[in-house]
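As C-alpha cells, the structure follows; a few thoughts come after it.
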Amino acid sequence: MRVLMIALVGFLMSAAVPAAVHAESVLEKVKSRGKVIAGVRKDVPNFGMTTEQGEIVGFDVDIAKAVAKKLGVGIELVPVTSATRTALIQQGRIDLVAATMTHYRKRDDAVDFSIGYFYSPQTLLVRAESGIKTLDDMAGKKAGTAIGAGAAENMKKAQPKLTVQTFESYPASFLALQQGLIDAIGTDIIILASLRANAKNPDDFALPPTATYGGGEYALGLPENDSDWRDAVNHALMDIWKDGTWREIYEKWIGPKSKLKIKFEESGFKMHTYN
Ligand code: GLU
C-alpha cells in the first residue's frame, strides 16, 4: 500500500510539474553571435544622437556599449524611436533597448525591464517669452511630444485642459515649438534640457521649475520572460556602477563638463548597492 502511495504521489507530482521546455535564452544567442543588438535613439541630444560622421553617440549608447563589454561581446546599434522600441523588442529584432525608456508599470505588459540606470522627472519646455510657468498656464494650450512617449498621458492627467500633439521625434517637436505651432514640449526634464542646451540660443527657451508632473527611472527594455538574459544584463549594470564606468559615462554626457552641466548629486539618481 505504502509503495503504491509513493508511486501515486510521484506520478501526481510529475504530472503537476511539466517537463521544462528549454527555449533558447537571448543570452545564448548573444554569446553565439558574438554581439548584442541594441536599440538606441538618434533623436535625443546627449542620449542617442548622430554625429556629422554618421556615428550614433550618447549616454544611452555608451551604457549599452558598456553592458556589451561586460558581457564580453560586441554591439550592433539599431535606431529606435519612442514609438518603435517596444515592438522591436517583442519581435525579437533587438536584444535590448537603451532609449530614454522609463519603466512604467503598464509597459510591463509588453516587455521586461532591467534595474533602473537613470532618473528623470517630466516637465515642459517653453519659449522664454511665453511666460508659461506652471501646468495651470497650459490650460487651453497645446503641448507637443514624441509618439509613444509616456508624457502624452502624464501631461493630460496633470492638466486635462491642454491639448497634446504628437510628433515623430523630439527635434520635430522642437521645431514646432520654435515655429509657434505648439506652446510647449512635454517630456523628461533631461531630454528637454538637452534640446535646450543644443539650441542655437538656449536662452530663448525655458524649463519652468514648477511644472513637473511625473517621470521615473530609465531602465533597459528587455524581452519578456527571459530571466537568464535579464540577470546577465542586470549584473553588467551593477558591474559598471561598481567599477566607475557608469560615472564616467555620466560625466561625459551629463556632468558639469558636458553641455548639460548637471552635478551627479543634483541628478536625482541614486545608485543602489547590490552585494
Ligand atoms: N522617458 C519617457 C518615456 O519613456 C519619455 C522619453 C521618450 O519618449 O522616450 O516615455
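Going through the C-alpha cells in order, the chains are called A, B, and so on, while each chain numbers its residues from 1 and the ligands are numbered from 1 in the order shown.
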Exercise for review: Please provide the set of residues having any atom within 10 Å of Asp203 (chain A), restricted to only C-alpha atoms, with same-chain residues fewer than 3 positions apart removed, written as an NGL selection string.
Suggested key: :A and (127-129 or 196-197 or 199-200 or 206)
* Neighbourhood of ligand 1 at 7 Å, counting only C-alpha atoms and all ligand atoms, reported as a list of chain:residue names -> A:Ser82, A:Ala99, A:Thr100, A:Met101, A:Thr102, A:Ala146, A:Gly148, A:Ala149, A:Gly150, A:Ala151, A:Thr187, A:Asp188, A:Gly215, A:Tyr218
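Near Leu192 (chain A), within a cut-off of 10 Å and counting only C-alpha atoms, sit the residues Val44, Pro45, Gln122, Thr123, Leu124, Leu125, Val126, Tyr170, Phe174, Ile185, Gly186, Thr187, Asp188, Arg196, Ala197, Asn198, Phe205, Ala206 and Leu207 of chain A, with same-chain residues fewer than 4 positions away left out.
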Expressed in Å, the length from CA of Thr81 (chain A) to CA of Arg41 (chain A) is 6.1 Å
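For the pair CA of Ile94 (chain A) and CA of Ile37 (chain A), the interatomic distance is 5.1 Å.
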Counting only C-alpha atoms, the residue among A:Met271, A:Leu222, A:Ile56, A:Leu237 that lies closest to Asp108 (chain A) is A:Leu222
* Find the spatial neighbours of Gly48 (chain A), counting only C-alpha atoms, within a cut-off of 8 Å - ignore same-chain residues fewer than 5 positions away - and output them as a PyMOL selection string. => chain A and resi 40-43+56-61+99
Those same residues, written as an mmCIF file, in the first residue's frame with all heavy atoms?
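File produced: out02.cif:
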data_model
loop_
_atom_site.group_PDB
_atom_site.id
_atom_site.type_symbol
_atom_site.label_atom_id
_atom_site.label_comp_id
_atom_site.auth_asym_id
_atom_site.auth_seq_id
_atom_site.Cartn_x
_atom_site.Cartn_y
_atom_site.Cartn_z
ATOM 1 N N VAL A 40 18.807 51.949 -29.917
ATOM 2 C CA VAL A 40 19.179 53.242 -29.323
ATOM 3 C C VAL A 40 18.493 54.360 -30.121
ATOM 4 O O VAL A 40 17.977 54.129 -31.198
ATOM 5 C CB VAL A 40 20.715 53.465 -29.337
ATOM 6 C CG1 VAL A 40 21.416 52.489 -28.407
ATOM 7 C CG2 VAL A 40 21.277 53.353 -30.746
ATOM 8 N N ARG A 41 18.522 55.575 -29.568
ATOM 9 C CA ARG A 41 17.860 56.689 -30.234
ATOM 10 C C ARG A 41 18.814 57.455 -31.114
ATOM 11 O O ARG A 41 20.011 57.414 -30.901
ATOM 12 C CB ARG A 41 17.298 57.657 -29.192
ATOM 13 C CG ARG A 41 16.663 56.921 -28.087
ATOM 14 C CD ARG A 41 15.448 57.460 -27.598
ATOM 15 N NE ARG A 41 14.622 58.225 -28.451
ATOM 16 C CZ ARG A 41 13.331 58.371 -28.200
ATOM 17 N NH1 ARG A 41 12.797 57.748 -27.195
ATOM 18 N NH2 ARG A 41 12.583 59.116 -28.968
ATOM 19 N N LYS A 42 18.210 58.154 -32.071
ATOM 20 C CA LYS A 42 19.010 59.073 -32.888
ATOM 21 C C LYS A 42 18.511 60.495 -32.674
ATOM 22 O O LYS A 42 19.074 61.437 -33.183
ATOM 23 C CB LYS A 42 18.822 58.747 -34.380
ATOM 24 C CG LYS A 42 19.484 57.497 -34.835
ATOM 25 C CD LYS A 42 19.776 57.523 -36.326
ATOM 26 C CE LYS A 42 18.507 57.788 -37.145
ATOM 27 N NZ LYS A 42 18.757 57.593 -38.593
ATOM 28 N N ASP A 43 17.387 60.617 -31.937
ATOM 29 C CA ASP A 43 16.701 61.913 -31.890
ATOM 30 C C ASP A 43 16.740 62.577 -30.528
ATOM 31 O O ASP A 43 16.008 63.522 -30.279
ATOM 32 C CB ASP A 43 15.235 61.736 -32.330
ATOM 33 C CG ASP A 43 14.429 60.883 -31.353
ATOM 34 O OD1 ASP A 43 15.034 60.019 -30.695
ATOM 35 O OD2 ASP A 43 13.209 61.101 -31.243
ATOM 36 N N ILE A 56 26.378 57.027 -34.144
ATOM 37 C CA ILE A 56 25.366 57.269 -33.101
ATOM 38 C C ILE A 56 26.087 57.264 -31.747
ATOM 39 O O ILE A 56 26.789 56.307 -31.410
ATOM 40 C CB ILE A 56 24.247 56.212 -33.120
ATOM 41 C CG1 ILE A 56 23.618 56.124 -34.517
ATOM 42 C CG2 ILE A 56 23.177 56.556 -32.093
ATOM 43 C CD1 ILE A 56 22.508 55.097 -34.632
ATOM 44 N N VAL A 57 25.903 58.354 -31.011
ATOM 45 C CA VAL A 57 26.613 58.509 -29.732
ATOM 46 C C VAL A 57 25.650 59.029 -28.660
ATOM 47 O O VAL A 57 24.589 59.553 -28.981
ATOM 48 C CB VAL A 57 27.800 59.500 -29.868
ATOM 49 C CG1 VAL A 57 28.856 58.992 -30.834
ATOM 50 C CG2 VAL A 57 27.317 60.896 -30.300
ATOM 51 N N GLY A 58 26.081 58.913 -27.405
ATOM 52 C CA GLY A 58 25.287 59.481 -26.327
ATOM 53 C C GLY A 58 25.342 58.628 -25.074
ATOM 54 O O GLY A 58 25.949 57.553 -25.066
ATOM 55 N N PHE A 59 24.717 59.116 -24.024
ATOM 56 C CA PHE A 59 24.704 58.436 -22.720
ATOM 57 C C PHE A 59 24.162 57.005 -22.851
ATOM 58 O O PHE A 59 24.812 56.045 -22.439
ATOM 59 C CB PHE A 59 23.844 59.254 -21.747
ATOM 60 C CG PHE A 59 23.704 58.654 -20.388
ATOM 61 C CD1 PHE A 59 24.689 58.824 -19.424
ATOM 62 C CD2 PHE A 59 22.582 57.916 -20.046
ATOM 63 C CE1 PHE A 59 24.557 58.267 -18.156
ATOM 64 C CE2 PHE A 59 22.439 57.352 -18.786
ATOM 65 C CZ PHE A 59 23.427 57.534 -17.839
ATOM 66 N N ASP A 60 22.969 56.880 -23.438
ATOM 67 C CA ASP A 60 22.360 55.542 -23.569
ATOM 68 C C ASP A 60 23.219 54.617 -24.436
ATOM 69 O O ASP A 60 23.309 53.419 -24.166
ATOM 70 C CB ASP A 60 20.978 55.668 -24.220
ATOM 71 C CG ASP A 60 19.894 56.000 -23.205
ATOM 72 O OD1 ASP A 60 20.079 55.739 -22.006
ATOM 73 O OD2 ASP A 60 18.850 56.540 -23.627
ATOM 74 N N VAL A 61 23.816 55.194 -25.456
ATOM 75 C CA VAL A 61 24.651 54.388 -26.367
ATOM 76 C C VAL A 61 25.851 53.845 -25.592
ATOM 77 O O VAL A 61 26.191 52.650 -25.691
ATOM 78 C CB VAL A 61 25.119 55.240 -27.570
ATOM 79 C CG1 VAL A 61 26.032 54.444 -28.487
ATOM 80 C CG2 VAL A 61 23.912 55.780 -28.336
ATOM 81 N N ALA A 99 17.073 53.504 -24.530
ATOM 82 C CA ALA A 99 16.476 54.578 -25.320
ATOM 83 C C ALA A 99 15.583 55.489 -24.482
ATOM 84 O O ALA A 99 14.394 55.601 -24.741
ATOM 85 C CB ALA A 99 15.683 53.961 -26.470
#
Would you give me, as a PDB file with N, CA and C atoms, in the first residue's frame, the residues in region 22-228 of chain A that DSSP reads as helix (DSSP H, G or I)?
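For reference, part-v4.pdb as written:
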ATOM      1  N   VAL A  26      18.069  34.677 -24.849  1.00  0.00           N
ATOM      2  CA  VAL A  26      18.769  35.684 -25.650  1.00  0.00           C
ATOM      3  C   VAL A  26      20.253  35.707 -25.263  1.00  0.00           C
ATOM      4  N   LEU A  27      20.528  35.368 -24.010  1.00  0.00           N
ATOM      5  CA  LEU A  27      21.931  35.340 -23.572  1.00  0.00           C
ATOM      6  C   LEU A  27      22.748  34.375 -24.437  1.00  0.00           C
ATOM      7  N   GLU A  28      22.190  33.192 -24.685  1.00  0.00           N
ATOM      8  CA  GLU A  28      22.901  32.227 -25.529  1.00  0.00           C
ATOM      9  C   GLU A  28      23.052  32.746 -26.955  1.00  0.00           C
ATOM     10  N   LYS A  29      21.967  33.361 -27.458  1.00  0.00           N
ATOM     11  CA  LYS A  29      22.025  33.896 -28.832  1.00  0.00           C
ATOM     12  C   LYS A  29      23.091  34.967 -28.941  1.00  0.00           C
ATOM     13  N   VAL A  30      23.120  35.862 -27.938  1.00  0.00           N
ATOM     14  CA  VAL A  30      24.085  36.959 -27.948  1.00  0.00           C
ATOM     15  C   VAL A  30      25.509  36.407 -27.911  1.00  0.00           C
ATOM     16  N   LYS A  31      25.712  35.409 -27.053  1.00  0.00           N
ATOM     17  CA  LYS A  31      27.058  34.823 -26.918  1.00  0.00           C
ATOM     18  C   LYS A  31      27.454  34.121 -28.219  1.00  0.00           C
ATOM     19  N   SER A  32      26.524  33.389 -28.822  1.00  0.00           N
ATOM     20  CA  SER A  32      26.940  32.650 -30.025  1.00  0.00           C
ATOM     21  C   SER A  32      27.114  33.568 -31.231  1.00  0.00           C
ATOM     22  N   ARG A  33      26.331  34.624 -31.296  1.00  0.00           N
ATOM     23  CA  ARG A  33      26.541  35.548 -32.430  1.00  0.00           C
ATOM     24  C   ARG A  33      27.678  36.540 -32.166  1.00  0.00           C
ATOM     25  N   PHE A  59      24.717  59.116 -24.024  1.00  0.00           N
ATOM     26  CA  PHE A  59      24.704  58.436 -22.720  1.00  0.00           C
ATOM     27  C   PHE A  59      24.162  57.005 -22.851  1.00  0.00           C
ATOM     28  N   ASP A  60      22.969  56.880 -23.438  1.00  0.00           N
ATOM     29  CA  ASP A  60      22.360  55.542 -23.569  1.00  0.00           C
ATOM     30  C   ASP A  60      23.219  54.617 -24.436  1.00  0.00           C
ATOM     31  N   VAL A  61      23.816  55.194 -25.456  1.00  0.00           N
ATOM     32  CA  VAL A  61      24.651  54.388 -26.367  1.00  0.00           C
ATOM     33  C   VAL A  61      25.851  53.845 -25.592  1.00  0.00           C
ATOM     34  N   ASP A  62      26.462  54.711 -24.782  1.00  0.00           N
ATOM     35  CA  ASP A  62      27.624  54.265 -24.004  1.00  0.00           C
ATOM     36  C   ASP A  62      27.236  53.249 -22.929  1.00  0.00           C
ATOM     37  N   ILE A  63      26.042  53.417 -22.372  1.00  0.00           N
ATOM     38  CA  ILE A  63      25.579  52.418 -21.383  1.00  0.00           C
ATOM     39  C   ILE A  63      25.431  51.057 -22.081  1.00  0.00           C
ATOM     40  N   ALA A  64      24.812  51.053 -23.239  1.00  0.00           N
ATOM     41  CA  ALA A  64      24.627  49.784 -23.972  1.00  0.00           C
ATOM     42  C   ALA A  64      25.984  49.176 -24.330  1.00  0.00           C
ATOM     43  N   LYS A  65      26.915  50.041 -24.762  1.00  0.00           N
ATOM     44  CA  LYS A  65      28.254  49.531 -25.118  1.00  0.00           C
ATOM     45  C   LYS A  65      28.965  48.947 -23.902  1.00  0.00           C
ATOM     46  N   ALA A  66      28.817  49.625 -22.749  1.00  0.00           N
ATOM     47  CA  ALA A  66      29.484  49.145 -21.530  1.00  0.00           C
ATOM     48  C   ALA A  66      28.896  47.806 -21.088  1.00  0.00           C
ATOM     49  N   VAL A  67      27.576  47.658 -21.253  1.00  0.00           N
ATOM     50  CA  VAL A  67      26.935  46.383 -20.904  1.00  0.00           C
ATOM     51  C   VAL A  67      27.464  45.275 -21.824  1.00  0.00           C
ATOM     52  N   ALA A  68      27.547  45.579 -23.116  1.00  0.00           N
ATOM     53  CA  ALA A  68      28.060  44.582 -24.071  1.00  0.00           C
ATOM     54  C   ALA A  68      29.491  44.179 -23.706  1.00  0.00           C
ATOM     55  N   LYS A  69      30.285  45.170 -23.345  1.00  0.00           N
ATOM     56  CA  LYS A  69      31.689  44.894 -22.997  1.00  0.00           C
ATOM     57  C   LYS A  69      31.767  43.968 -21.781  1.00  0.00           C
ATOM     58  N   LYS A  70      30.932  44.254 -20.780  1.00  0.00           N
ATOM     59  CA  LYS A  70      30.918  43.386 -19.585  1.00  0.00           C
ATOM     60  C   LYS A  70      30.502  41.964 -19.936  1.00  0.00           C
ATOM     61  N   LEU A  71      29.636  41.842 -20.951  1.00  0.00           N
ATOM     62  CA  LEU A  71      29.185  40.507 -21.366  1.00  0.00           C
ATOM     63  C   LEU A  71      30.211  39.827 -22.273  1.00  0.00           C
ATOM     64  N   ARG A  85      10.271  51.183 -30.226  1.00  0.00           N
ATOM     65  CA  ARG A  85      11.174  50.379 -29.389  1.00  0.00           C
ATOM     66  C   ARG A  85      10.505  49.135 -28.792  1.00  0.00           C
ATOM     67  N   THR A  86       9.250  49.271 -28.348  1.00  0.00           N
ATOM     68  CA  THR A  86       8.588  48.129 -27.705  1.00  0.00           C
ATOM     69  C   THR A  86       8.367  46.994 -28.704  1.00  0.00           C
ATOM     70  N   ALA A  87       7.830  47.343 -29.884  1.00  0.00           N
ATOM     71  CA  ALA A  87       7.540  46.306 -30.881  1.00  0.00           C
ATOM     72  C   ALA A  87       8.821  45.610 -31.328  1.00  0.00           C
ATOM     73  N   LEU A  88       9.911  46.350 -31.473  1.00  0.00           N
ATOM     74  CA  LEU A  88      11.166  45.726 -31.929  1.00  0.00           C
ATOM     75  C   LEU A  88      11.674  44.695 -30.924  1.00  0.00           C
ATOM     76  N   ILE A  89      11.486  44.995 -29.642  1.00  0.00           N
ATOM     77  CA  ILE A  89      11.851  44.024 -28.599  1.00  0.00           C
ATOM     78  C   ILE A  89      10.924  42.812 -28.685  1.00  0.00           C
ATOM     79  N   GLN A  90       9.629  43.075 -28.785  1.00  0.00           N
ATOM     80  CA  GLN A  90       8.652  41.973 -28.812  1.00  0.00           C
ATOM     81  C   GLN A  90       8.879  41.042 -29.995  1.00  0.00           C
ATOM     82  N   ARG A 105       4.763  50.959 -15.005  1.00  0.00           N
ATOM     83  CA  ARG A 105       4.149  49.653 -14.714  1.00  0.00           C
ATOM     84  C   ARG A 105       3.406  49.087 -15.910  1.00  0.00           C
ATOM     85  N   LYS A 106       2.682  49.939 -16.620  1.00  0.00           N
ATOM     86  CA  LYS A 106       1.864  49.360 -17.698  1.00  0.00           C
ATOM     87  C   LYS A 106       2.725  48.847 -18.859  1.00  0.00           C
ATOM     88  N   ARG A 107       3.942  49.334 -18.968  1.00  0.00           N
ATOM     89  CA  ARG A 107       4.828  48.798 -20.012  1.00  0.00           C
ATOM     90  C   ARG A 107       5.277  47.369 -19.704  1.00  0.00           C
ATOM     91  N   ASP A 108       5.136  46.967 -18.420  1.00  0.00           N
ATOM     92  CA  ASP A 108       5.494  45.594 -18.054  1.00  0.00           C
ATOM     93  C   ASP A 108       4.639  44.559 -18.779  1.00  0.00           C
ATOM     94  N   ASP A 109       3.492  44.977 -19.280  1.00  0.00           N
ATOM     95  CA  ASP A 109       2.652  44.035 -20.028  1.00  0.00           C
ATOM     96  C   ASP A 109       3.299  43.651 -21.353  1.00  0.00           C
ATOM     97  N   ALA A 128      10.861  81.217 -23.925  1.00  0.00           N
ATOM     98  CA  ALA A 128      11.067  82.046 -22.727  1.00  0.00           C
ATOM     99  C   ALA A 128      10.077  83.205 -22.662  1.00  0.00           C
ATOM    100  N   GLU A 129       9.771  83.800 -23.830  1.00  0.00           N
ATOM    101  CA  GLU A 129       8.875  84.962 -23.815  1.00  0.00           C
ATOM    102  C   GLU A 129       7.405  84.592 -23.579  1.00  0.00           C
ATOM    103  N   SER A 130       7.097  83.297 -23.543  1.00  0.00           N
ATOM    104  CA  SER A 130       5.685  82.907 -23.420  1.00  0.00           C
ATOM    105  C   SER A 130       5.118  83.177 -22.026  1.00  0.00           C
ATOM    106  N   ASP A 136      -0.938  75.015 -14.822  1.00  0.00           N
ATOM    107  CA  ASP A 136      -2.189  75.801 -14.908  1.00  0.00           C
ATOM    108  C   ASP A 136      -2.148  76.721 -16.121  1.00  0.00           C
ATOM    109  N   ASP A 137      -0.953  77.269 -16.386  1.00  0.00           N
ATOM    110  CA  ASP A 137      -0.820  78.174 -17.535  1.00  0.00           C
ATOM    111  C   ASP A 137      -1.034  77.455 -18.865  1.00  0.00           C
ATOM    112  N   MET A 138      -1.029  76.134 -18.827  1.00  0.00           N
ATOM    113  CA  MET A 138      -1.187  75.364 -20.081  1.00  0.00           C
ATOM    114  C   MET A 138      -2.657  75.078 -20.413  1.00  0.00           C
ATOM    115  N   ALA A 151       4.815  60.799 -21.721  1.00  0.00           N
ATOM    116  CA  ALA A 151       4.445  62.163 -21.345  1.00  0.00           C
ATOM    117  C   ALA A 151       3.072  62.553 -21.873  1.00  0.00           C
ATOM    118  N   ALA A 152       2.660  61.997 -23.021  1.00  0.00           N
ATOM    119  CA  ALA A 152       1.374  62.374 -23.608  1.00  0.00           C
ATOM    120  C   ALA A 152       0.261  62.139 -22.587  1.00  0.00           C
ATOM    121  N   GLU A 153       0.284  60.960 -21.976  1.00  0.00           N
ATOM    122  CA  GLU A 153      -0.746  60.623 -20.998  1.00  0.00           C
ATOM    123  C   GLU A 153      -0.514  61.371 -19.681  1.00  0.00           C
ATOM    124  N   ASN A 154       0.742  61.453 -19.267  1.00  0.00           N
ATOM    125  CA  ASN A 154       1.050  62.097 -17.976  1.00  0.00           C
ATOM    126  C   ASN A 154       0.653  63.573 -17.965  1.00  0.00           C
ATOM    127  N   MET A 155       0.922  64.253 -19.083  1.00  0.00           N
ATOM    128  CA  MET A 155       0.601  65.692 -19.155  1.00  0.00           C
ATOM    129  C   MET A 155      -0.895  65.896 -19.079  1.00  0.00           C
ATOM    130  N   LYS A 156      -1.603  65.075 -19.796  1.00  0.00           N
ATOM    131  CA  LYS A 156      -3.069  65.193 -19.881  1.00  0.00           C
ATOM    132  C   LYS A 156      -3.693  64.930 -18.500  1.00  0.00           C
ATOM    133  N   LYS A 157      -3.084  63.996 -17.772  1.00  0.00           N
ATOM    134  CA  LYS A 157      -3.574  63.700 -16.428  1.00  0.00           C
ATOM    135  C   LYS A 157      -3.333  64.901 -15.515  1.00  0.00           C
ATOM    136  N   ALA A 158      -2.144  65.504 -15.659  1.00  0.00           N
ATOM    137  CA  ALA A 158      -1.782  66.628 -14.795  1.00  0.00           C
ATOM    138  C   ALA A 158      -2.552  67.897 -15.156  1.00  0.00           C
ATOM    139  N   TYR A 170      11.715  64.092 -31.205  1.00  0.00           N
ATOM    140  CA  TYR A 170      11.873  65.289 -30.362  1.00  0.00           C
ATOM    141  C   TYR A 170      12.356  66.499 -31.166  1.00  0.00           C
ATOM    142  N   PRO A 171      13.314  66.349 -32.077  1.00  0.00           N
ATOM    143  CA  PRO A 171      13.701  67.515 -32.886  1.00  0.00           C
ATOM    144  C   PRO A 171      12.502  68.080 -33.664  1.00  0.00           C
ATOM    145  N   ALA A 172      11.601  67.206 -34.134  1.00  0.00           N
ATOM    146  CA  ALA A 172      10.409  67.699 -34.847  1.00  0.00           C
ATOM    147  C   ALA A 172       9.516  68.487 -33.885  1.00  0.00           C
ATOM    148  N   SER A 173       9.405  68.028 -32.646  1.00  0.00           N
ATOM    149  CA  SER A 173       8.618  68.771 -31.642  1.00  0.00           C
ATOM    150  C   SER A 173       9.275  70.118 -31.375  1.00  0.00           C
ATOM    151  N   PHE A 174      10.593  70.109 -31.319  1.00  0.00           N
ATOM    152  CA  PHE A 174      11.322  71.341 -31.003  1.00  0.00           C
ATOM    153  C   PHE A 174      11.159  72.379 -32.118  1.00  0.00           C
ATOM    154  N   LEU A 175      11.169  71.879 -33.346  1.00  0.00           N
ATOM    155  CA  LEU A 175      10.954  72.770 -34.492  1.00  0.00           C
ATOM    156  C   LEU A 175       9.563  73.413 -34.394  1.00  0.00           C
ATOM    157  N   ALA A 176       8.578  72.591 -34.045  1.00  0.00           N
ATOM    158  CA  ALA A 176       7.201  73.100 -33.913  1.00  0.00           C
ATOM    159  C   ALA A 176       7.119  74.153 -32.809  1.00  0.00           C
ATOM    160  N   LEU A 177       7.890  73.942 -31.736  1.00  0.00           N
ATOM    161  CA  LEU A 177       7.894  74.935 -30.646  1.00  0.00           C
ATOM    162  C   LEU A 177       8.504  76.249 -31.135  1.00  0.00           C
ATOM    163  N   GLN A 178       9.612  76.114 -31.888  1.00  0.00           N
ATOM    164  CA  GLN A 178      10.278  77.314 -32.410  1.00  0.00           C
ATOM    165  C   GLN A 178       9.385  78.066 -33.383  1.00  0.00           C
ATOM    166  N   ILE A 189      12.632  65.906 -18.124  1.00  0.00           N
ATOM    167  CA  ILE A 189      13.450  67.108 -17.935  1.00  0.00           C
ATOM    168  C   ILE A 189      14.782  66.979 -18.655  1.00  0.00           C
ATOM    169  N   ILE A 190      15.386  65.807 -18.551  1.00  0.00           N
ATOM    170  CA  ILE A 190      16.726  65.645 -19.095  1.00  0.00           C
ATOM    171  C   ILE A 190      16.730  65.751 -20.627  1.00  0.00           C
ATOM    172  N   ILE A 191      15.659  65.309 -21.256  1.00  0.00           N
ATOM    173  CA  ILE A 191      15.551  65.419 -22.719  1.00  0.00           C
ATOM    174  C   ILE A 191      15.324  66.877 -23.099  1.00  0.00           C
ATOM    175  N   LEU A 192      14.463  67.545 -22.350  1.00  0.00           N
ATOM    176  CA  LEU A 192      14.173  68.950 -22.643  1.00  0.00           C
ATOM    177  C   LEU A 192      15.411  69.814 -22.411  1.00  0.00           C
ATOM    178  N   ALA A 193      16.138  69.508 -21.326  1.00  0.00           N
ATOM    179  CA  ALA A 193      17.368  70.270 -21.041  1.00  0.00           C
ATOM    180  C   ALA A 193      18.380  70.036 -22.159  1.00  0.00           C
ATOM    181  N   SER A 194      18.393  68.826 -22.724  1.00  0.00           N
ATOM    182  CA  SER A 194      19.321  68.521 -23.816  1.00  0.00           C
ATOM    183  C   SER A 194      18.928  69.268 -25.084  1.00  0.00           C
ATOM    184  N   LEU A 195      17.632  69.318 -25.377  1.00  0.00           N
ATOM    185  CA  LEU A 195      17.179  70.057 -26.568  1.00  0.00           C
ATOM    186  C   LEU A 195      17.561  71.528 -26.408  1.00  0.00           C
ATOM    187  N   ARG A 196      17.326  72.051 -25.212  1.00  0.00           N
ATOM    188  CA  ARG A 196      17.620  73.469 -24.951  1.00  0.00           C
ATOM    189  C   ARG A 196      19.131  73.735 -25.049  1.00  0.00           C
ATOM    190  N   ALA A 197      19.928  72.869 -24.410  1.00  0.00           N
ATOM    191  CA  ALA A 197      21.382  73.088 -24.383  1.00  0.00           C
ATOM    192  C   ALA A 197      21.984  73.048 -25.783  1.00  0.00           C
ATOM    193  N   PRO A 202      20.051  78.977 -26.445  1.00  0.00           N
ATOM    194  CA  PRO A 202      19.347  78.292 -25.348  1.00  0.00           C
ATOM    195  C   PRO A 202      18.483  79.243 -24.517  1.00  0.00           C
ATOM    196  N   ASP A 203      18.913  80.487 -24.371  1.00  0.00           N
ATOM    197  CA  ASP A 203      18.152  81.408 -23.521  1.00  0.00           C
ATOM    198  C   ASP A 203      16.782  81.763 -24.082  1.00  0.00           C
ATOM    199  N   ASP A 204      16.543  81.435 -25.344  1.00  0.00           N
ATOM    200  CA  ASP A 204      15.205  81.674 -25.908  1.00  0.00           C
ATOM    201  C   ASP A 204      14.173  80.692 -25.347  1.00  0.00           C
ATOM    202  N   SER A 227      14.777  35.247 -17.895  1.00  0.00           N
ATOM    203  CA  SER A 227      15.499  35.698 -16.704  1.00  0.00           C
ATOM    204  C   SER A 227      17.008  35.506 -16.819  1.00  0.00           C
ATOM    205  N   ASP A 228      17.468  34.559 -17.643  1.00  0.00           N
ATOM    206  CA  ASP A 228      18.926  34.409 -17.811  1.00  0.00           C
ATOM    207  C   ASP A 228      19.501  35.681 -18.430  1.00  0.00           C
TER     208      ASP A 228
END
Residues of region 211-249 of chain A in strand (DSSP E or B), written as a ChimeraX atom specification
/A:214-222
Write the residues of the selection above to a file with N, CA, C and O atoms, as a PDB file, in the first residue's frame.
ATOM      1  N   GLY A 214       5.709  64.124 -13.404  1.00  0.00           N
ATOM      2  CA  GLY A 214       5.756  62.650 -13.477  1.00  0.00           C
ATOM      3  C   GLY A 214       7.141  62.167 -13.800  1.00  0.00           C
ATOM      4  O   GLY A 214       8.125  62.786 -13.427  1.00  0.00           O
ATOM      5  N   GLY A 215       7.217  61.094 -14.522  1.00  0.00           N
ATOM      6  CA  GLY A 215       8.525  60.567 -14.903  1.00  0.00           C
ATOM      7  C   GLY A 215       8.873  59.344 -14.090  1.00  0.00           C
ATOM      8  O   GLY A 215       7.998  58.709 -13.512  1.00  0.00           O
ATOM      9  N   GLY A 216      10.136  59.019 -14.062  1.00  0.00           N
ATOM     10  CA  GLY A 216      10.555  57.839 -13.315  1.00  0.00           C
ATOM     11  C   GLY A 216      11.941  57.396 -13.724  1.00  0.00           C
ATOM     12  O   GLY A 216      12.718  58.188 -14.255  1.00  0.00           O
ATOM     13  N   GLU A 217      12.212  56.111 -13.476  1.00  0.00           N
ATOM     14  CA  GLU A 217      13.564  55.589 -13.748  1.00  0.00           C
ATOM     15  C   GLU A 217      13.684  55.074 -15.172  1.00  0.00           C
ATOM     16  O   GLU A 217      12.801  54.374 -15.664  1.00  0.00           O
ATOM     17  N   TYR A 218      14.789  55.394 -15.815  1.00  0.00           N
ATOM     18  CA  TYR A 218      15.111  54.787 -17.108  1.00  0.00           C
ATOM     19  C   TYR A 218      15.618  53.371 -16.814  1.00  0.00           C
ATOM     20  O   TYR A 218      16.409  53.158 -15.893  1.00  0.00           O
ATOM     21  N   ALA A 219      15.155  52.439 -17.628  1.00  0.00           N
ATOM     22  CA  ALA A 219      15.639  51.072 -17.499  1.00  0.00           C
ATOM     23  C   ALA A 219      15.819  50.514 -18.902  1.00  0.00           C
ATOM     24  O   ALA A 219      15.225  51.017 -19.861  1.00  0.00           O
ATOM     25  N   LEU A 220      16.636  49.480 -19.018  1.00  0.00           N
ATOM     26  CA  LEU A 220      16.815  48.862 -20.333  1.00  0.00           C
ATOM     27  C   LEU A 220      15.601  47.978 -20.608  1.00  0.00           C
ATOM     28  O   LEU A 220      15.209  47.169 -19.763  1.00  0.00           O
ATOM     29  N   GLY A 221      14.988  48.155 -21.762  1.00  0.00           N
ATOM     30  CA  GLY A 221      13.862  47.311 -22.143  1.00  0.00           C
ATOM     31  C   GLY A 221      14.388  45.971 -22.619  1.00  0.00           C
ATOM     32  O   GLY A 221      15.367  45.906 -23.382  1.00  0.00           O
ATOM     33  N   LEU A 222      13.765  44.897 -22.156  1.00  0.00           N
ATOM     34  CA  LEU A 222      14.240  43.536 -22.459  1.00  0.00           C
ATOM     35  C   LEU A 222      13.070  42.653 -22.869  1.00  0.00           C
ATOM     36  O   LEU A 222      11.924  42.948 -22.518  1.00  0.00           O
TER      37      LEU A 222
END
Can I get the residues of region 74-173 of chain A within 12 Å of region 259-266 of chain A, each with the closest pair of atoms and their distance in Å to one decimal, using only C-alpha atoms, sorted chain first then ascending number, as a Markdown table?
| residue | atom | partner | partner_atom | distance |
| --- | --- | --- | --- | --- |
| A:Phe118 | CA | A:Phe264 | CA | 10.7 |
| A:Tyr119 | CA | A:Glu266 | CA | 10.9 |
| A:Ser120 | CA | A:Glu266 | CA | 11.1 |
